[in-house]
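Pasted below: entry.cif, mmCIF, C-alpha atoms.
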```cif
data_my_file
loop_
_atom_site.group_PDB
_atom_site.id
_atom_site.type_symbol
_atom_site.label_atom_id
_atom_site.label_comp_id
_atom_site.auth_asym_id
_atom_site.auth_seq_id
_atom_site.Cartn_x
_atom_site.Cartn_y
_atom_site.Cartn_z
ATOM 1 C CA MET A 1 3.367 12.964 -10.121
ATOM 2 C CA ASN A 2 6.472 15.198 -10.106
ATOM 3 C CA GLU A 3 6.691 14.952 -6.310
ATOM 4 C CA PHE A 4 6.266 11.190 -6.563
ATOM 5 C CA ILE A 5 9.079 10.853 -9.117
ATOM 6 C CA THR A 6 11.330 13.033 -6.946
ATOM 7 C CA LEU A 7 10.630 10.655 -4.062
ATOM 8 C CA ILE A 8 11.466 7.631 -6.226
ATOM 9 C CA GLN A 9 14.994 8.962 -6.680
ATOM 10 C CA ARG A 10 15.525 8.653 -2.900
ATOM 11 C CA ILE A 11 14.339 5.049 -2.709
ATOM 12 C CA ARG A 12 16.962 2.544 -1.623
ATOM 13 C CA HIS A 13 16.781 -1.108 -0.648
ATOM 14 C CA PHE A 14 18.027 -1.933 2.855
ATOM 15 C CA PRO A 15 18.353 -5.347 4.522
ATOM 16 C CA ILE A 16 15.925 -5.675 7.439
ATOM 17 C CA SER A 17 16.703 -7.967 10.377
ATOM 18 C CA ASP A 18 14.095 -10.190 12.036
ATOM 19 C CA SER A 19 14.061 -7.972 15.137
ATOM 20 C CA GLU A 20 13.511 -4.918 12.924
ATOM 21 C CA LYS A 21 10.664 -6.731 11.159
ATOM 22 C CA LYS A 22 9.032 -7.282 14.540
ATOM 23 C CA ILE A 23 9.115 -3.543 15.202
ATOM 24 C CA LEU A 24 7.642 -2.850 11.767
ATOM 25 C CA TYR A 25 4.776 -5.245 12.467
ATOM 26 C CA ASN A 26 4.218 -3.515 15.815
ATOM 27 C CA ILE A 27 3.920 -0.197 13.987
ATOM 28 C CA ILE A 28 1.659 -1.661 11.296
ATOM 29 C CA ASN A 29 -0.681 -3.190 13.861
ATOM 30 C CA ASN A 30 -0.215 -0.659 16.709
ATOM 31 C CA ARG A 31 0.569 -3.627 18.960
ATOM 32 C CA GLN A 32 3.290 -1.948 20.996
ATOM 33 C CA ARG A 33 1.142 1.117 21.634
ATOM 34 C CA ASP A 34 -1.847 -0.986 22.678
ATOM 35 C CA SER A 35 0.351 -3.122 24.926
ATOM 36 C CA ASN A 36 1.886 -0.091 26.642
ATOM 37 C CA ASN A 37 -1.546 1.466 27.175
ATOM 38 C CA LYS A 38 -2.793 -1.721 28.846
ATOM 39 C CA ILE A 39 0.294 -1.881 31.081
ATOM 40 C CA THR A 40 -0.124 1.775 32.052
ATOM 41 C CA LYS A 41 -3.787 1.236 32.949
ATOM 42 C CA LEU A 42 -2.900 -1.799 35.064
ATOM 43 C CA LYS A 43 -0.175 0.128 36.899
ATOM 44 C CA ASN A 44 -2.561 2.990 37.567
ATOM 45 C CA PHE A 45 -5.257 0.571 38.759
ATOM 46 C CA PHE A 46 -2.937 -1.106 41.263
ATOM 47 C CA GLY A 47 -1.360 2.177 42.334
ATOM 48 C CA PHE A 48 2.120 1.571 40.963
ATOM 49 C CA THR A 49 4.174 4.642 40.154
ATOM 50 C CA ILE A 50 5.762 4.911 36.731
ATOM 51 C CA ASN A 51 9.322 6.052 36.338
ATOM 52 C CA LYS A 52 9.022 7.709 32.921
ATOM 53 C CA LYS A 53 12.764 8.107 32.506
ATOM 54 C CA VAL A 54 13.441 4.413 33.106
ATOM 55 C CA GLU A 55 10.431 3.378 31.004
ATOM 56 C CA ASN A 56 11.541 5.457 28.028
ATOM 57 C CA LEU A 57 15.064 4.051 28.187
ATOM 58 C CA SER A 58 13.819 0.483 28.485
ATOM 59 C CA THR A 59 11.428 0.702 25.526
ATOM 60 C CA THR A 60 13.857 2.466 23.217
ATOM 61 C CA SER A 61 15.597 -0.107 21.053
ATOM 62 C CA PHE A 62 18.634 -0.236 18.876
ATOM 63 C CA GLU A 63 16.443 -1.605 16.093
ATOM 64 C CA THR A 64 14.141 1.427 16.226
ATOM 65 C CA ASN A 65 17.044 3.812 15.734
ATOM 66 C CA SER A 66 18.423 1.578 12.984
ATOM 67 C CA LEU A 67 15.124 1.722 11.093
ATOM 68 C CA MET A 68 15.027 5.491 11.505
ATOM 69 C CA GLU A 69 18.535 5.863 10.135
ATOM 70 C CA LYS A 70 17.534 3.795 7.119
ATOM 71 C CA GLY A 71 14.588 6.142 6.575
ATOM 72 C CA ILE A 72 12.018 3.352 7.044
ATOM 73 C CA ILE A 73 10.297 4.956 10.053
ATOM 74 C CA GLU A 74 10.249 8.394 11.666
ATOM 75 C CA PRO A 75 8.826 10.138 14.761
ATOM 76 C CA ASN A 76 5.065 10.605 14.651
ATOM 77 C CA ASN A 77 5.226 14.389 14.917
ATOM 78 C CA THR A 78 6.806 14.879 11.480
ATOM 79 C CA PRO A 79 5.218 14.803 8.000
ATOM 80 C CA ILE A 80 4.758 11.254 6.718
ATOM 81 C CA ASP A 81 6.939 11.653 3.633
ATOM 82 C CA SER A 82 9.783 13.622 5.185
ATOM 83 C CA ASN A 83 13.327 12.274 5.133
ATOM 84 C CA SER A 84 14.139 12.334 8.836
ATOM 85 C CA LYS A 85 17.565 11.653 10.317
ATOM 86 C CA VAL A 86 18.204 10.342 13.798
ATOM 87 C CA VAL A 87 20.358 12.137 16.301
ATOM 88 C CA SER A 88 22.635 9.595 17.980
ATOM 89 C CA ASN A 89 21.548 10.428 21.521
ATOM 90 C CA GLN A 90 17.860 10.802 20.698
ATOM 91 C CA GLN A 91 15.556 8.427 22.548
ATOM 92 C CA VAL A 92 12.481 7.513 20.509
ATOM 93 C CA THR A 93 10.221 4.550 21.239
ATOM 94 C CA ASN A 94 8.772 2.565 18.344
ATOM 95 C CA GLU A 95 5.187 3.224 19.469
ATOM 96 C CA LYS A 96 5.833 6.912 18.763
ATOM 97 C CA CYS A 97 6.941 6.216 15.192
ATOM 98 C CA LYS A 98 5.243 5.828 11.841
ATOM 99 C CA LEU A 99 6.306 4.542 8.448
ATOM 100 C CA THR A 100 7.833 6.867 5.881
ATOM 101 C CA SER A 101 7.120 6.687 2.148
ATOM 102 C CA LEU A 102 10.225 4.499 1.820
ATOM 103 C CA GLY A 103 8.906 2.355 4.665
ATOM 104 C CA LEU A 104 5.581 1.858 2.894
ATOM 105 C CA ILE A 105 7.296 0.786 -0.314
ATOM 106 C CA HIS A 106 9.395 -1.667 1.721
ATOM 107 C CA ILE A 107 6.248 -3.061 3.384
ATOM 108 C CA PHE A 108 4.461 -3.535 0.065
ATOM 109 C CA SER A 109 7.468 -4.926 -1.795
ATOM 110 C CA ASN A 110 8.209 -7.526 0.886
ATOM 111 C CA LYS A 111 4.578 -8.615 1.206
ATOM 112 C CA TYR A 112 4.023 -7.743 4.848
ATOM 113 C CA THR A 113 0.546 -8.498 6.144
ATOM 114 C CA TYR A 114 -1.602 -5.399 6.641
ATOM 115 C CA SER A 115 -5.260 -4.407 6.685
ATOM 116 C CA PRO A 116 -7.392 -1.935 4.701
ATOM 117 C CA ASP A 117 -7.377 0.316 7.792
ATOM 118 C CA PHE A 118 -3.588 0.470 7.586
ATOM 119 C CA LEU A 119 -3.793 1.820 4.027
ATOM 120 C CA ILE A 120 -6.404 4.377 5.037
ATOM 121 C CA LYS A 121 -4.193 5.535 7.911
ATOM 122 C CA TYR A 122 -1.510 6.492 5.368
ATOM 123 C CA ASN A 123 -3.840 7.767 2.649
ATOM 124 C CA ASP A 124 -2.158 11.195 2.641
ATOM 125 C CA ASP A 125 1.252 9.724 1.895
ATOM 126 C CA ILE A 126 2.473 10.540 -1.618
ATOM 127 C CA VAL A 127 3.114 6.850 -2.418
ATOM 128 C CA LEU A 128 -0.386 5.682 -1.528
ATOM 129 C CA HIS A 129 -1.937 8.764 -3.086
ATOM 130 C CA GLU A 130 -0.300 8.118 -6.461
ATOM 131 C CA LEU A 131 -0.632 4.332 -6.458
ATOM 132 C CA LEU A 132 -3.974 3.784 -4.734
ATOM 133 C CA PHE A 133 -6.063 6.701 -3.526
ATOM 134 C CA LYS A 134 -5.902 8.409 -6.893
ATOM 135 C CA HIS A 135 -8.073 5.511 -8.095
ATOM 136 C CA PHE A 136 -10.222 4.722 -5.050
ATOM 137 C CA GLN A 137 -12.024 6.604 -2.308
ATOM 138 C CA SER A 138 -11.121 5.694 1.261
ATOM 139 C CA ASN A 139 -14.523 4.114 1.906
ATOM 140 C CA THR A 140 -14.039 1.716 -1.014
ATOM 141 C CA ILE A 141 -10.785 0.465 0.493
ATOM 142 C CA LYS A 142 -12.302 0.366 3.978
ATOM 143 C CA THR A 143 -15.092 -1.966 2.813
ATOM 144 C CA ALA A 144 -12.750 -4.183 0.773
ATOM 145 C CA THR A 145 -13.647 -7.859 0.543
ATOM 146 C CA ALA A 146 -10.921 -10.501 0.738
ATOM 147 C CA LYS A 147 -10.810 -11.065 -3.034
ATOM 148 C CA PHE A 148 -10.765 -7.369 -3.843
ATOM 149 C CA PHE A 149 -8.097 -6.638 -1.228
ATOM 150 C CA ASN A 150 -5.942 -9.469 -2.556
ATOM 151 C CA ILE A 151 -5.881 -7.745 -5.961
ATOM 152 C CA ILE A 152 -4.974 -4.451 -4.260
ATOM 153 C CA THR A 153 -2.073 -5.965 -2.296
ATOM 154 C CA ASP A 154 -0.722 -7.728 -5.406
ATOM 155 C CA TYR A 155 -0.851 -4.427 -7.278
ATOM 156 C CA LEU A 156 0.989 -2.565 -4.506
ATOM 157 C CA THR A 157 3.630 -5.311 -4.392
ATOM 158 C CA THR A 158 4.196 -5.201 -8.159
ATOM 159 C CA SER A 159 4.367 -1.402 -8.264
ATOM 160 C CA SER A 160 6.713 -1.211 -5.269
ATOM 161 C CA ASN A 161 9.025 -3.875 -6.704
ATOM 162 C CA TYR A 162 9.279 -1.832 -9.884
ATOM 163 C CA ILE A 163 10.092 1.324 -7.916
ATOM 164 C CA ILE A 164 12.797 -0.381 -5.837
ATOM 165 C CA ASN A 165 14.349 -2.095 -8.857
ATOM 166 C CA LEU A 166 14.716 1.164 -10.735
ATOM 167 C CA SER A 167 17.924 1.754 -8.753
ATOM 168 C CA LEU A 168 18.056 5.377 -9.795
ATOM 169 C CA GLY A 169 21.086 7.455 -8.819
ATOM 170 C CA GLN A 170 20.175 9.615 -5.822
ATOM 171 C CA ASP A 171 21.849 12.733 -7.188
ATOM 172 C CA LYS A 172 21.422 11.959 -10.870
ATOM 173 C CA PRO A 173 18.722 14.097 -12.525
ATOM 174 C CA LEU A 174 16.072 12.239 -14.464
ATOM 175 C CA THR A 175 15.756 12.871 -18.167
ATOM 176 C CA ALA A 176 12.365 13.673 -19.670
ATOM 177 C CA ASP A 177 12.318 10.230 -21.311
ATOM 178 C CA MET A 178 12.972 8.485 -17.980
ATOM 179 C CA LYS A 179 10.182 10.413 -16.272
ATOM 180 C CA GLU A 180 7.825 9.563 -19.099
ATOM 181 C CA GLU A 181 8.779 5.883 -18.869
ATOM 182 C CA ILE A 182 8.106 5.803 -15.108
ATOM 183 C CA GLU A 183 4.726 7.503 -15.517
ATOM 184 C CA HIS A 184 3.826 5.105 -18.330
ATOM 185 C CA LYS A 185 4.818 2.034 -16.295
ATOM 186 C CA ILE A 186 2.815 3.141 -13.246
ATOM 187 C CA LYS A 187 -0.162 3.821 -15.518
ATOM 188 C CA ILE A 188 0.104 0.327 -17.036
ATOM 189 C CA TYR A 189 0.042 -1.230 -13.563
ATOM 190 C CA SER A 190 -3.074 0.776 -12.666
ATOM 191 C CA LEU A 191 -4.803 -0.269 -15.910
ATOM 192 C CA ILE A 192 -4.046 -3.929 -15.148
ATOM 193 C CA LEU A 193 -5.478 -3.368 -11.666
ATOM 194 C CA GLY A 194 -8.674 -1.897 -13.105
ATOM 195 C CA PHE A 195 -8.985 -4.737 -15.618
ATOM 196 C CA LYS A 196 -8.531 -7.433 -12.942
ATOM 197 C CA ILE A 197 -11.211 -5.838 -10.768
ATOM 198 C CA THR A 198 -13.576 -5.607 -13.740
ATOM 199 C CA VAL A 199 -13.105 -9.307 -14.521
ATOM 200 C CA LEU A 200 -13.431 -10.318 -10.862
ATOM 201 C CA PHE A 201 -16.736 -8.530 -10.403
ATOM 202 C CA ASN A 202 -18.356 -9.802 -13.561
ATOM 203 C CA ASP A 203 -21.570 -11.450 -12.283
ATOM 204 C CA TYR A 204 -20.647 -14.821 -13.797
ATOM 205 C CA ASN A 205 -17.219 -14.792 -12.149
ATOM 206 C CA ILE A 206 -18.657 -13.853 -8.756
ATOM 207 C CA ILE A 207 -20.786 -16.995 -8.916
ATOM 208 C CA SER A 208 -18.352 -19.398 -10.620
ATOM 209 C CA SER A 209 -15.473 -18.569 -8.264
ATOM 210 C CA ASN A 210 -17.463 -20.116 -5.402
ATOM 211 C CA ILE A 211 -18.633 -23.290 -7.174
ATOM 212 C CA GLY A 212 -16.109 -25.406 -5.250
ATOM 213 C CA THR A 213 -17.918 -24.602 -1.994
ATOM 214 C CA ASN A 214 -20.477 -27.295 -1.110
ATOM 215 C CA ASN A 215 -22.450 -25.228 1.392
ATOM 216 C CA GLU A 216 -25.148 -23.276 -0.483
ATOM 217 C CA LYS A 217 -25.531 -20.827 2.388
ATOM 218 C CA VAL A 218 -21.828 -20.007 2.221
ATOM 219 C CA ILE A 219 -22.050 -19.521 -1.560
ATOM 220 C CA PHE A 220 -25.018 -17.194 -1.131
ATOM 221 C CA ALA A 221 -23.300 -15.220 1.649
ATOM 222 C CA ILE A 222 -20.110 -14.777 -0.389
ATOM 223 C CA HIS A 223 -22.150 -13.724 -3.420
ATOM 224 C CA GLN A 224 -23.964 -11.127 -1.318
ATOM 225 C CA VAL A 225 -20.702 -9.743 0.071
ATOM 226 C CA GLU A 226 -19.028 -9.518 -3.344
ATOM 227 C CA THR A 227 -22.143 -7.967 -4.900
ATOM 228 C CA LEU A 228 -22.121 -5.301 -2.182
ATOM 229 C CA MET A 229 -18.452 -4.638 -2.957
ATOM 230 C CA LYS A 230 -19.377 -4.246 -6.623
ATOM 231 C CA LYS A 231 -22.090 -1.778 -5.624
ATOM 232 C CA ASN A 232 -19.580 0.251 -3.585
ATOM 233 C CA LEU A 233 -17.188 0.312 -6.538
ATOM 234 C CA SER A 234 -19.958 1.499 -8.850
ATOM 235 C CA LYS A 235 -20.474 4.508 -6.564
ATOM 236 C CA ASP A 236 -16.784 5.441 -6.443
ATOM 237 C CA PRO A 237 -16.116 8.247 -8.988
ATOM 238 C CA LYS A 238 -12.353 7.679 -8.803
ATOM 239 C CA PHE A 239 -12.701 4.013 -9.705
ATOM 240 C CA LEU A 240 -15.207 4.804 -12.445
ATOM 241 C CA ASN A 241 -12.654 7.188 -13.919
ATOM 242 C CA LEU A 242 -10.043 4.397 -13.857
ATOM 243 C CA LEU A 243 -12.585 2.053 -15.422
ATOM 244 C CA SER A 244 -13.256 4.573 -18.188
ATOM 245 C CA THR A 245 -9.527 4.768 -18.935
ATOM 246 C CA VAL A 246 -9.275 0.960 -18.971
ATOM 247 C CA SER A 247 -12.191 0.766 -21.404
ATOM 248 C CA SER A 248 -10.710 3.443 -23.663
ATOM 249 C CA GLU A 249 -7.261 1.815 -23.748
ATOM 250 C CA PHE A 250 -8.742 -1.648 -24.301
ATOM 251 C CA ASN A 251 -10.958 -0.484 -27.170
ATOM 252 C CA SER A 252 -8.061 1.391 -28.752
ATOM 253 C CA GLY A 253 -5.826 -1.683 -28.570
ATOM 254 C CA TYR A 254 -8.612 -3.928 -29.846
ATOM 255 C CA ASN A 255 -9.245 -1.674 -32.853
ATOM 256 C CA ASP A 256 -5.515 -1.604 -33.633
ATOM 257 C CA PHE A 257 -5.372 -5.401 -33.725
ATOM 258 C CA ILE A 258 -8.505 -5.602 -35.864
ATOM 259 C CA SER A 259 -7.004 -3.148 -38.349
ATOM 260 C CA PHE A 260 -3.865 -5.310 -38.598
ATOM 261 C CA ILE A 261 -6.017 -8.371 -39.264
ATOM 262 C CA GLY A 262 -7.832 -6.457 -41.992
ATOM 263 C CA GLN A 263 -4.548 -5.435 -43.601
ATOM 264 C CA ASP A 264 -3.246 -9.026 -43.559
ATOM 265 C CA ASN A 265 -6.417 -10.301 -45.230
ATOM 266 C CA LYS A 266 -5.907 -7.879 -48.106
ATOM 267 C CA HIS A 267 -2.495 -9.341 -48.956
#
```
Show me this structure written as structure tokens.
Amino acid sequence: MNEFITLIQRIRHFPISDSEKKILYNIINNRQRDSNNKITKLKNFFGFTINKKVENLSTTSFETNSLMEKGIIEPNNTPIDSNSKVVSNQQVTNEKCKLTSLGLIHIFSNKYTYSPDFLIKYNDDIVLHELLFKHFQSNTIKTATAKFFNIITDYLTTSSNYIINLSLGQDKPLTADMKEEIEHKIKIYSLILGFKITVLFNDYNIISSNIGTNNEKVIFAIHQVETLMKKNLSKDPKFLNLLSTVSSEFNSGYNDFISFIGQDNKH
């Protein structure tokens, strides 16, 4: 958590242009890399020679360098959470880049569309480790159903918005109280996440959420898929640990309220 809080102090909000967003989506979906690979294969098949120098210059964009200078992306050969700077004459193509921790927070906060595989790809990043993979194994995220994944993306958006809105001074040291407040807030978000998942996968809710569907086969299929997701969650020790914490906090809060009711009845 200390490393995570140190990272939070470096977080800044930057405006992103539409052309920069396109590059970010290419990186998220590996579209540019796949496109270049197909073009290369076609050129090789038809016997065309490739001028690497010209190709590199043509695929390097101003937007890519701009995103690197903002700390949103970085070259693929550096650690994911490093704070890379761009040399002005450096030529780097966007298919050779990946998102930084700041980039991930930007993606989540601005509700970009991404898949479970995208999250797994960055599972070693400090942001995703603290927010997500501390509570779920990779296989649980990989097998996410649409409803489950929707809860996950909402949680990442909420947490990332909180982080960005902190607006902490980059060089200002955090007090012990501020660190404790950040840890507490992140914990609260994770408890809400665990509670939402628990409610969603209650057997009654799995069935009732599909009542509006007229096709019985569709209802049965959805029920089977969601039940399998529930089974996967029940085998995830990280999630079970989160669930245990949710249960403990809920029971503690419930008992506190009951005690207040008892005190009021005595007066």
Mind telling me what the PyMOL selection byres ((chain A and resi 140) around 8) catches here, as a PyMOL selection string? chain A and resi 136-139+141-144+229+232-233+236
Kindly give the distance, in Å, that separates atom CA of A:Thr6 and atom CA of A:Ser159, rounded to a single decimal. 16.1 Å
From the set A:His184, A:Lys196, A:Lys121, A:Lys21, which residue has the shortest atom-to-atom contact distance to A:Leu243, counting all atoms listed in the file? A:Lys196
So the first atom is atom CA of A:Leu119 and the second is atom CA of A:Glu180; what is the distance between them in Å, to one decimal place?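 Between these atoms lies a distance of 27.0 Å.
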Given all atoms listed in the file as the counted atoms, nearest of A:Asn150, A:Ser101, A:Thr175, A:Thr64 to A:Lys22: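 Counting all atoms listed in the file, the residue closest to A:Lys22 is A:Thr64.
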Could you expand the PyMOL selection byres ((chain A and resi 189) around 12) into the explicit residues it covers here, written as a PyMOL selection string? chain A and resi 130-132+135+151-152+154-163+182-188+190-196+242+246
As a check of understanding: the span from atom CA of A:Tyr114 to atom CA of A:Asn29 is 7.6 Å
Do you know which residues are at most 9 Å from A:His106 counting only C-alpha atoms, after dropping those on the same chain fewer than 2 positions away, and could you put them as a short mmCIF file (atom, residue, chain, number, x, y, z; two decimals) with C-alpha atoms, in the frame of the given file?
```cif
data_model
loop_
_atom_site.label_atom_id
_atom_site.label_comp_id
_atom_site.auth_asym_id
_atom_site.auth_seq_id
_atom_site.Cartn_x
_atom_site.Cartn_y
_atom_site.Cartn_z
CA HIS A 13 16.78 -1.11 -0.65
CA PHE A 14 18.03 -1.93 2.86
CA ILE A 72 12.02 3.35 7.04
CA SER A 101 7.12 6.69 2.15
CA LEU A 102 10.22 4.50 1.82
CA GLY A 103 8.91 2.36 4.66
CA LEU A 104 5.58 1.86 2.89
CA PHE A 108 4.46 -3.54 0.06
CA SER A 109 7.47 -4.93 -1.80
CA ASN A 110 8.21 -7.53 0.89
CA LYS A 111 4.58 -8.62 1.21
CA TYR A 112 4.02 -7.74 4.85
CA SER A 160 6.71 -1.21 -5.27
CA ASN A 161 9.02 -3.88 -6.70
CA ILE A 164 12.80 -0.38 -5.84
#
```
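Nearest residue to A:Ala146, choosing from A:Ser259, A:Asn123, A:Ser115, A:Ser244 and counting all atoms listed in the file: A:Ser115.
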For this structure, which residues satisfy the selection - the PyMOL selection byres ((chain A and resi 28) around 9) - when it is evaluated on the file as given? I want them as a list in words. Ile23, Leu24, Tyr25, Asn26, Ile27, Asn29, Asn30, Arg31, Lys98, Leu99, Thr113, Tyr114, Ser115 and Phe118 of chain A
